[in-house]
file start-v2.txt (compact mmCIF, C-alpha atoms)
# COMPACT_ATOMS: atom_id res chain seq x y z
CA MET A 4 122.66 46.58 181.33
CA ASN A 5 120.63 45.50 184.36
CA LYS A 6 118.14 42.65 184.23
CA GLY A 7 115.09 44.93 184.22
CA LEU A 8 116.30 46.90 181.23
CA GLN A 9 117.15 43.64 179.47
CA LEU A 10 113.58 42.40 179.88
CA ILE A 11 112.16 45.70 178.63
CA SER A 12 114.46 45.60 175.58
CA LEU A 13 113.57 42.00 174.76
CA SER A 14 109.88 42.79 175.12
CA ALA A 15 110.23 45.77 172.78
CA LEU A 16 112.08 43.65 170.22
CA ALA A 17 109.42 40.94 170.39
CA SER A 18 106.68 43.53 169.85
CA MET A 19 108.54 44.94 166.84
CA ALA A 20 109.00 41.44 165.39
CA LEU A 21 105.31 40.63 165.77
CA ALA A 22 104.34 43.91 164.14
CA ALA A 23 106.59 43.08 161.18
CA MET A 24 105.08 39.61 160.59
CA PRO A 25 102.89 39.23 157.47
CA ALA A 26 99.17 39.35 158.13
CA GLU A 27 98.06 36.72 155.57
CA GLY A 28 97.85 33.84 158.07
CA PRO A 29 95.43 35.26 160.63
CA ARG A 30 93.72 37.38 157.95
CA TYR A 31 92.31 34.33 156.20
CA MET A 32 90.83 32.82 159.29
CA ASP A 33 87.96 35.17 158.40
CA PRO A 34 86.05 33.73 155.39
CA HIS A 35 84.42 37.14 154.81
CA ILE A 36 87.82 38.65 154.02
CA MET A 37 88.83 35.62 151.98
CA LEU A 38 85.74 35.96 149.79
CA GLU A 39 86.34 39.67 149.34
CA ASP A 40 89.82 38.93 148.00
CA VAL A 41 88.55 36.11 145.78
CA PHE A 42 85.92 38.42 144.27
CA LYS A 43 88.50 41.15 143.77
CA SER A 44 90.88 38.73 142.01
CA ILE A 45 88.10 37.47 139.74
CA ASP A 46 87.07 41.02 138.83
CA ASN A 47 90.70 42.03 138.20
CA ALA A 48 91.27 39.12 135.82
CA LYS A 49 90.16 40.98 132.70
CA THR A 50 91.42 38.17 130.49
CA LEU A 51 92.15 34.52 131.29
CA THR A 52 93.36 31.35 129.68
CA TYR A 53 93.24 27.99 131.44
CA GLN A 54 92.75 24.26 131.13
CA MET A 55 89.76 22.83 132.97
CA THR A 56 88.87 19.24 133.81
CA TYR A 57 85.34 18.63 135.00
CA SER A 58 82.89 15.98 136.19
CA GLU A 59 79.13 16.59 136.10
CA ARG A 60 76.36 14.21 137.19
CA LEU A 61 73.72 13.47 134.58
CA ALA A 62 70.25 11.90 134.67
CA GLY A 63 70.51 8.31 135.83
CA GLY A 64 73.51 9.08 138.02
CA SER A 65 76.31 8.70 135.45
CA MET A 66 79.16 11.22 135.49
CA HIS A 67 80.13 13.21 132.41
CA ILE A 68 83.90 13.67 132.58
CA ASP A 69 85.74 15.88 130.10
CA SER A 70 88.25 18.70 129.75
CA ASN A 71 88.63 21.86 127.72
CA PHE A 72 90.90 24.80 127.01
CA VAL A 73 89.48 28.30 127.50
CA LYS A 74 90.30 31.82 126.37
CA LEU A 75 88.14 34.46 128.02
CA GLN A 76 87.72 38.24 128.00
CA GLN A 77 85.46 39.73 130.65
CA ALA A 78 84.24 42.93 129.01
CA PRO A 79 82.91 42.89 126.43
CA ARG A 80 82.45 39.21 127.20
CA LYS A 81 84.14 36.94 124.67
CA ILE A 82 84.78 33.20 125.01
CA TYR A 83 86.64 30.59 122.99
CA VAL A 84 86.56 26.95 124.11
CA LYS A 85 88.29 23.94 122.62
CA MET A 86 86.97 20.61 123.89
CA SER A 87 89.10 17.51 124.39
CA ASP A 88 87.73 15.97 121.16
CA GLY A 89 88.72 19.06 119.16
CA THR A 90 85.25 20.64 118.99
CA GLU A 91 85.58 24.44 119.04
CA VAL A 92 83.07 26.95 120.42
CA LEU A 93 83.13 30.72 119.98
CA TRP A 94 80.68 33.01 121.77
CA VAL A 95 80.73 36.82 121.89
CA ASP A 96 78.13 38.79 123.84
CA ASN A 97 75.73 40.83 121.67
CA PHE A 98 77.14 39.32 118.48
CA ASN A 99 75.59 36.81 116.06
CA LYS A 100 72.25 37.29 117.84
CA ASN A 101 73.97 35.91 120.97
CA ARG A 102 74.32 32.53 119.31
CA ALA A 103 77.54 30.51 119.50
CA TYR A 104 79.62 29.26 116.60
CA VAL A 105 80.32 25.56 117.01
CA HIS A 106 82.70 23.55 114.83
CA PRO A 107 82.31 19.83 115.64
CA THR A 108 84.78 17.07 114.86
CA GLN A 109 81.95 14.74 113.83
CA PHE A 110 78.97 14.95 111.46
CA PRO A 111 77.96 17.46 110.09
CA TYR A 112 81.65 18.59 110.20
CA THR A 113 80.67 22.16 109.44
CA THR A 114 80.37 25.26 111.59
CA MET A 115 76.92 25.73 113.12
CA SER A 116 75.33 28.76 114.79
CA LEU A 117 73.54 27.51 117.92
CA ASP A 118 71.62 28.81 120.92
CA PRO A 119 73.99 28.49 123.94
CA ASP A 120 71.04 27.28 126.04
CA GLY A 121 69.42 25.17 123.36
CA SER A 122 69.05 21.39 123.51
CA LEU A 123 72.10 20.69 121.32
CA MET A 124 74.59 22.82 123.27
CA ARG A 125 73.21 22.05 126.74
CA LYS A 126 72.96 18.29 126.26
CA ASP A 127 74.93 16.74 129.15
CA GLN A 128 76.23 20.19 130.17
CA HIS A 129 75.50 21.73 133.58
CA HIS A 130 76.40 25.24 132.39
CA SER A 131 76.04 27.41 129.30
CA VAL A 132 79.15 28.39 127.38
CA ALA A 133 78.18 31.99 128.23
CA ALA A 134 78.77 31.14 131.92
CA THR A 135 82.34 29.96 131.29
CA GLY A 136 84.90 31.30 133.75
CA TYR A 137 84.79 32.33 137.38
CA ASN A 138 82.02 34.94 137.24
CA TYR A 139 79.26 32.34 137.46
CA PHE A 140 80.53 30.96 140.78
CA GLU A 141 81.30 34.47 141.99
CA ASP A 142 77.60 35.30 141.58
CA VAL A 143 76.60 32.03 143.29
CA LEU A 144 78.88 32.72 146.28
CA LYS A 145 77.68 36.32 146.60
CA HIS A 146 74.06 35.20 146.57
CA THR A 147 74.78 32.45 149.11
CA GLU A 148 76.73 34.83 151.34
CA THR A 149 73.85 37.33 151.31
CA SER A 150 71.15 34.72 151.87
CA PHE A 151 72.77 33.44 155.08
CA GLY A 152 73.02 36.92 156.58
CA ASN A 153 73.86 36.69 160.29
CA GLU A 154 74.32 32.91 159.99
CA PHE A 155 77.27 33.33 157.60
CA ALA A 156 79.86 32.08 160.13
CA SER A 157 77.89 28.85 160.65
CA HIS A 158 78.08 27.94 156.96
CA PHE A 159 81.30 29.44 155.55
CA LEU A 160 84.26 27.69 157.21
CA TYR A 161 88.00 28.22 156.68
CA MET A 162 89.65 24.80 157.01
CA GLY A 163 93.30 25.85 156.81
CA GLU A 164 95.83 25.34 154.02
CA ILE A 165 96.12 22.40 151.64
CA ILE A 166 98.49 21.45 148.82
CA PHE A 167 96.58 20.79 145.60
CA ASN A 168 98.39 19.93 142.35
CA GLY A 169 101.54 21.38 143.89
CA ILE A 170 99.84 24.68 144.77
CA THR A 171 99.41 25.95 148.33
CA CYS A 172 95.73 26.73 148.72
CA TYR A 173 93.24 28.00 151.27
CA ASN A 174 90.51 25.42 151.89
CA LEU A 175 87.09 27.08 152.12
CA GLN A 176 83.97 25.03 152.83
CA VAL A 177 80.35 26.10 152.47
CA ILE A 178 78.22 23.67 154.46
CA VAL A 179 74.41 23.60 154.57
CA PRO A 180 73.14 20.72 156.77
CA ASP A 181 69.50 21.65 156.13
CA PHE A 182 69.81 21.55 152.33
CA LYS A 183 66.42 20.63 150.90
CA TYR A 184 63.97 21.25 148.05
CA VAL A 185 61.11 23.69 148.49
CA PRO A 186 58.05 24.49 146.34
CA TYR A 187 58.29 27.34 143.84
CA LYS A 188 55.37 28.67 141.79
CA VAL A 189 56.41 29.62 138.27
CA LEU A 190 55.72 33.22 137.27
CA ALA A 191 54.90 34.57 133.82
CA ASN A 192 57.65 34.21 131.19
CA GLU A 193 59.98 32.34 133.56
CA THR A 194 62.24 29.47 132.52
CA VAL A 195 64.32 27.16 134.67
CA ILE A 196 67.33 29.30 133.78
CA THR A 197 65.78 32.63 134.80
CA ILE A 198 64.51 31.10 138.06
CA ALA A 199 67.96 29.72 138.85
CA GLN A 200 69.60 33.07 138.09
CA LYS A 201 67.11 34.91 140.30
CA LEU A 202 67.59 32.55 143.25
CA GLY A 203 71.32 31.84 142.86
CA LEU A 204 70.76 28.15 142.10
CA SER A 205 71.87 25.52 139.58
CA GLU A 206 69.45 25.31 136.67
CA TYR A 207 70.67 21.81 135.89
CA MET A 208 69.95 20.65 139.44
CA ILE A 209 66.38 21.98 139.09
CA LEU A 210 66.06 20.26 135.70
CA LEU A 211 67.19 16.89 137.09
CA HIS A 212 65.18 16.99 140.30
CA ASN A 213 61.92 17.82 138.49
CA LYS A 214 62.70 15.39 135.62
CA LEU A 215 62.13 18.14 133.06
CA VAL A 216 62.93 17.57 129.38
CA SER A 217 64.24 21.11 128.83
CA PHE A 218 64.89 24.41 130.58
CA THR A 219 61.72 25.84 129.05
CA SER A 220 59.31 22.98 129.77
CA ILE A 221 57.54 24.76 132.63
CA THR A 222 54.43 26.94 132.54
CA GLU A 223 53.08 29.90 134.48
CA GLY A 224 51.31 28.83 137.68
CA GLU A 225 53.02 25.43 137.79
CA THR A 226 54.71 24.44 141.07
CA ILE A 227 58.18 22.92 140.87
CA LEU A 228 60.73 22.03 143.53
CA VAL A 229 63.92 24.07 143.82
CA PRO A 230 66.87 23.78 146.24
CA ASN A 231 66.93 26.19 149.17
CA THR A 232 70.58 26.99 148.31
CA TYR A 233 73.10 26.14 145.57
CA ALA A 234 74.54 23.06 147.28
CA LYS A 235 74.58 20.94 150.41
CA GLN A 236 78.33 21.47 150.47
CA MET A 237 80.81 23.42 148.35
CA THR A 238 84.56 22.95 148.57
CA LEU A 239 86.89 25.59 147.16
CA TYR A 240 90.67 25.39 147.03
CA ILE A 241 91.88 28.95 146.56
CA ASP A 242 95.40 29.57 145.28
CA LYS A 243 97.25 31.36 148.09
CA THR A 244 99.19 33.49 145.61
CA THR A 245 96.48 34.54 143.16
CA THR A 246 93.40 34.08 145.41
CA LEU A 247 91.64 32.44 142.45
CA PRO A 248 89.95 29.04 142.89
CA VAL A 249 91.83 26.12 141.35
CA TYR A 250 89.28 23.53 142.49
CA ILE A 251 85.51 23.72 143.03
CA LYS A 252 83.47 20.76 144.22
CA VAL A 253 79.69 20.82 144.65
CA ASP A 254 77.71 18.17 146.56
CA ASP A 255 73.94 17.82 146.79
CA GLU A 256 71.86 15.38 148.86
CA LYS A 257 73.11 12.47 146.70
CA GLY A 258 76.82 13.29 146.87
CA LEU A 259 79.04 14.64 144.10
CA PHE A 260 77.05 16.85 141.71
CA GLU A 261 79.84 18.70 139.85
CA GLU A 262 83.58 19.18 140.16
CA TYR A 263 86.00 21.54 138.37
CA THR A 264 89.80 21.63 138.36
CA PHE A 265 91.63 24.60 136.82
CA ARG A 266 95.22 24.25 135.59
CA HIS A 267 97.74 26.39 133.73
CA ILE A 268 95.87 29.59 134.60
CA ALA A 269 97.24 32.70 132.89
CA ILE A 270 95.90 35.93 134.39
CA ASN A 271 95.52 38.95 132.11
CA PRO A 272 97.39 37.54 129.10
CA ALA A 273 97.42 39.75 126.03
CA LEU A 274 94.50 38.51 123.90
CA THR A 275 93.85 40.23 120.59
CA ASP A 276 90.43 40.78 119.01
CA GLU A 277 91.33 38.09 116.47
CA GLU A 278 91.43 35.52 119.30
CA PHE A 279 87.63 35.79 119.38
CA THR A 280 86.76 35.81 115.67
CA ARG A 281 86.21 33.12 113.07
CA LYS A 282 89.04 34.67 111.08
CA ASN A 283 91.71 33.34 113.43
CA LYS A 284 93.85 31.03 111.31
CA GLU A 285 94.38 28.66 114.23
CA TYR A 286 90.66 27.90 114.39
CA HIS A 287 88.45 25.81 112.11
CA PHE A 288 85.21 27.81 112.03
call {"tool": "encode", "arguments": {"input": "start-v2.txt", "output": "structure tokens"}}
result
Amino acid sequence: MNKGLQLISLSALASMALAAMPAEGPRYMDPHIMLEDVFKSIDNAKTLTYQMTYSERLAGGSMHIDSNFVKLQQAPRKIYVKMSDGTEVLWVDNFNKNRAYVHPTQFPYTTMSLDPDGSLMRKDQHHSVAATGYNYFEDVLKHTETSFGNEFASHFLYMGEIIFNGITCYNLQVIVPDFKYVPYKVLANETVITIAQKLGLSEYMILLHNKLVSFTSITEGETILVPNTYAKQMTLYIDKTTTLPVYIKVDDEKGLFEEYTFRHIAINPALTDEEFTRKNKEYHF
């Protein structure tokens, strides 16, 4: 074979080899595509079980650190949570007047039926039990993505791969240098929770910043301050295999606001109806 033909053959082989290479590497240099796959994976996880460790900043600056075990069904939405102290929570959408069953390991030692957003259940908790799982942050990310519009690429940054708890992850950062609080005039029948849901914000962050005693202690016509976006910076470590987040960190203007680590994630395990009833013999309701 002459030298010219050799070069042509080598070039053809190189082209074939490049065409056969997996596309995941370059593909995820585009955060748009990464988010699409994350949303798809969240939506496809019809049931989940996992262990979660979390830190959440409270009034005064102290951090509430705890862990729980979760069983979750997306539709109809059903949630069972067992806290580190043994307290059990069961919430099923459109059941028990949308109240949660709570069995504490301290006085009164009996199962209670409580409002998921009431003062007892939301004390020192950034999120309602009804928001357990990935769907809450999926909605936050979608709202943030939409709000940035043409400036998306300036705020959503792919930072390469990282090993986290032995898992190879994609490191996605959402950075908002001009994070700030802006005036908001309360409309009729609005609560801090409905405002946060409408604007894609953290209701607890609004509560803290305005030094409110509850999520309902605002009135029509009142002006409060709300963040212009969910966070000054969000860090997500996304499992390269499942494209589900295993770590979510949220910073505001003061630093760490909340942080969540997911372990032992089981995607679409077989969960029976009994897993989400008080009749389950493994529970104490």
call {"tool": "axis_aligned_box", "arguments": {"input": "start-v2.txt", "around": "range 129-147 of chain A", "padding_each_side": "5 Å", "output": "lines of an AutoDock Vina configuration file"}}
result
center_x = 79.5
center_y = 29.0
center_z = 138.2
size_x = 20.8
size_y = 24.6
size_z = 31.7
call {"tool": "closest_residue", "arguments": {"input": "start-v2.txt", "among": "A:Val229, A:Leu211, A:Met37, A:Val143", "to": "Leu61 in chain A", "atoms": "all atoms listed in the file"}}
result
A:Leu211
call {"tool": "atom_distance", "arguments": {"input": "start-v2.txt", "atom1": "CA of Leu51 in chain A", "atom2": "CA of Phe265 in chain A"}}
result
11.4 Å
call {"tool": "atom_distance", "arguments": {"input": "start-v2.txt", "atom1": "CA of Lys81 in chain A", "atom2": "CA of Glu277 in chain A"}}
result
11.0 Å
call {"tool": "atom_distance", "arguments": {"input": "start-v2.txt", "atom1": "CA of Asn99 in chain A", "atom2": "CA of Ile82 in chain A"}}
result
13.3 Å
call {"tool": "closest_residue", "arguments": {"input": "start-v2.txt", "among": "A:Thr238, A:Thr147, A:Asn97, A:Thr135", "to": "Ile165 in chain A", "atoms": "all atoms listed in the file"}}
result
A:Thr238
call {"tool": "closest_residue", "arguments": {"input": "start-v2.txt", "among": "A:Lys145, A:Ser220, A:Leu239, A:Asp276", "to": "Thr264 in chain A", "atoms": "only C-alpha atoms"}}
result
A:Leu239
call {"tool": "residues_around", "arguments": {"input": "start-v2.txt", "residues": "Thr280 in chain A", "least_positions_apart": "6", "cutoff": "12 Å", "atoms": "all atoms listed in the file", "output": "PDB file with C-alpha atoms, in the coordinates of the input"}}
result
ATOM      1  CA  LYS A  74      90.300  31.820 126.370  1.00  0.00           C
ATOM      2  CA  LYS A  81      84.140  36.940 124.670  1.00  0.00           C
ATOM      3  CA  ILE A  82      84.780  33.200 125.010  1.00  0.00           C
ATOM      4  CA  TYR A  83      86.640  30.590 122.990  1.00  0.00           C
ATOM      5  CA  GLU A  91      85.580  24.440 119.040  1.00  0.00           C
ATOM      6  CA  VAL A  92      83.070  26.950 120.420  1.00  0.00           C
ATOM      7  CA  LEU A  93      83.130  30.720 119.980  1.00  0.00           C
ATOM      8  CA  TRP A  94      80.680  33.010 121.770  1.00  0.00           C
ATOM      9  CA  VAL A  95      80.730  36.820 121.890  1.00  0.00           C
ATOM     10  CA  PHE A  98      77.140  39.320 118.480  1.00  0.00           C
ATOM     11  CA  ASN A  99      75.590  36.810 116.060  1.00  0.00           C
ATOM     12  CA  ALA A 103      77.540  30.510 119.500  1.00  0.00           C
ATOM     13  CA  TYR A 104      79.620  29.260 116.600  1.00  0.00           C
ATOM     14  CA  LEU A 274      94.500  38.510 123.900  1.00  0.00           C
ATOM     15  CA  TYR A 286      90.660  27.900 114.390  1.00  0.00           C
ATOM     16  CA  HIS A 287      88.450  25.810 112.110  1.00  0.00           C
ATOM     17  CA  PHE A 288      85.210  27.810 112.030  1.00  0.00           C
TER      18      PHE A 288
END
call {"tool": "closest_residue", "arguments": {"input": "start-v2.txt", "among": "A:Asn101, A:Asn271, A:Thr114, A:Asn192", "to": "Ser44 in chain A", "atoms": "all atoms listed in the file"}}
result
A:Asn271
call {"tool": "residues_near_point", "arguments": {"input": "start-v2.txt", "point": "(84.6, 38.6, 146.1)", "cutoff": "10 Å", "atoms": "all atoms listed in the file", "output": "list in words"}}
result
His35, Ile36, Met37, Leu38, Glu39, Asp40, Val41, Phe42, Lys43, Ser44, Ile45, Asp46, Asn138, Glu141, Asp142, Leu144, Lys145 and Thr246 of chain A
call {"tool": "residues_around", "arguments": {"input": "start-v2.txt", "residues": "Pro107 in chain A", "least_positions_apart": "3", "cutoff": "8 Å", "atoms": "all atoms listed in the file", "output": "MDAnalysis selection string"}}
result
chainID A and resid 89:91 110:114
call {"tool": "residues_near_point", "arguments": {"input": "start-v2.txt", "point": "(57.7, 31.9, 133.2)", "cutoff": "9 Å", "atoms": "all atoms listed in the file", "output": "ChimeraX atom specification"}}
result
/A:189-195,197-198,219,221-224
call {"tool": "write_last_selection", "arguments": {"input": "start-v2.txt", "atoms": "C-alpha atoms", "output": "mmCIF file, in the coordinates of the input"}}
result
data_model
loop_
_atom_site.group_PDB
_atom_site.id
_atom_site.type_symbol
_atom_site.label_atom_id
_atom_site.label_comp_id
_atom_site.auth_asym_id
_atom_site.auth_seq_id
_atom_site.Cartn_x
_atom_site.Cartn_y
_atom_site.Cartn_z
ATOM 1 C CA VAL A 189 56.410 29.620 138.270
ATOM 2 C CA LEU A 190 55.720 33.220 137.270
ATOM 3 C CA ALA A 191 54.900 34.570 133.820
ATOM 4 C CA ASN A 192 57.650 34.210 131.190
ATOM 5 C CA GLU A 193 59.980 32.340 133.560
ATOM 6 C CA THR A 194 62.240 29.470 132.520
ATOM 7 C CA VAL A 195 64.320 27.160 134.670
ATOM 8 C CA THR A 197 65.780 32.630 134.800
ATOM 9 C CA ILE A 198 64.510 31.100 138.060
ATOM 10 C CA THR A 219 61.720 25.840 129.050
ATOM 11 C CA ILE A 221 57.540 24.760 132.630
ATOM 12 C CA THR A 222 54.430 26.940 132.540
ATOM 13 C CA GLU A 223 53.080 29.900 134.480
ATOM 14 C CA GLY A 224 51.310 28.830 137.680
#
call {"tool": "closest_residue", "arguments": {"input": "start-v2.txt", "among": "A:Asn47, A:Ser150, A:Gln128, A:Thr226", "to": "Gln77 in chain A", "atoms": "all atoms listed in the file"}}
result
A:Asn47
call {"tool": "closest_residue", "arguments": {"input": "start-v2.txt", "among": "A:Arg60, A:Lys243, A:Lys282, A:Arg266", "to": "Thr171 in chain A", "atoms": "all atoms listed in the file"}}
result
A:Lys243
call {"tool": "residues_around", "arguments": {"input": "start-v2.txt", "residues": "Asp88 in chain A", "least_positions_apart": "3", "cutoff": "12 Å", "atoms": "all atoms listed in the file", "output": "number ranges by chain"}}
result
A: 69-72, 84-85, 91-92, 106-109
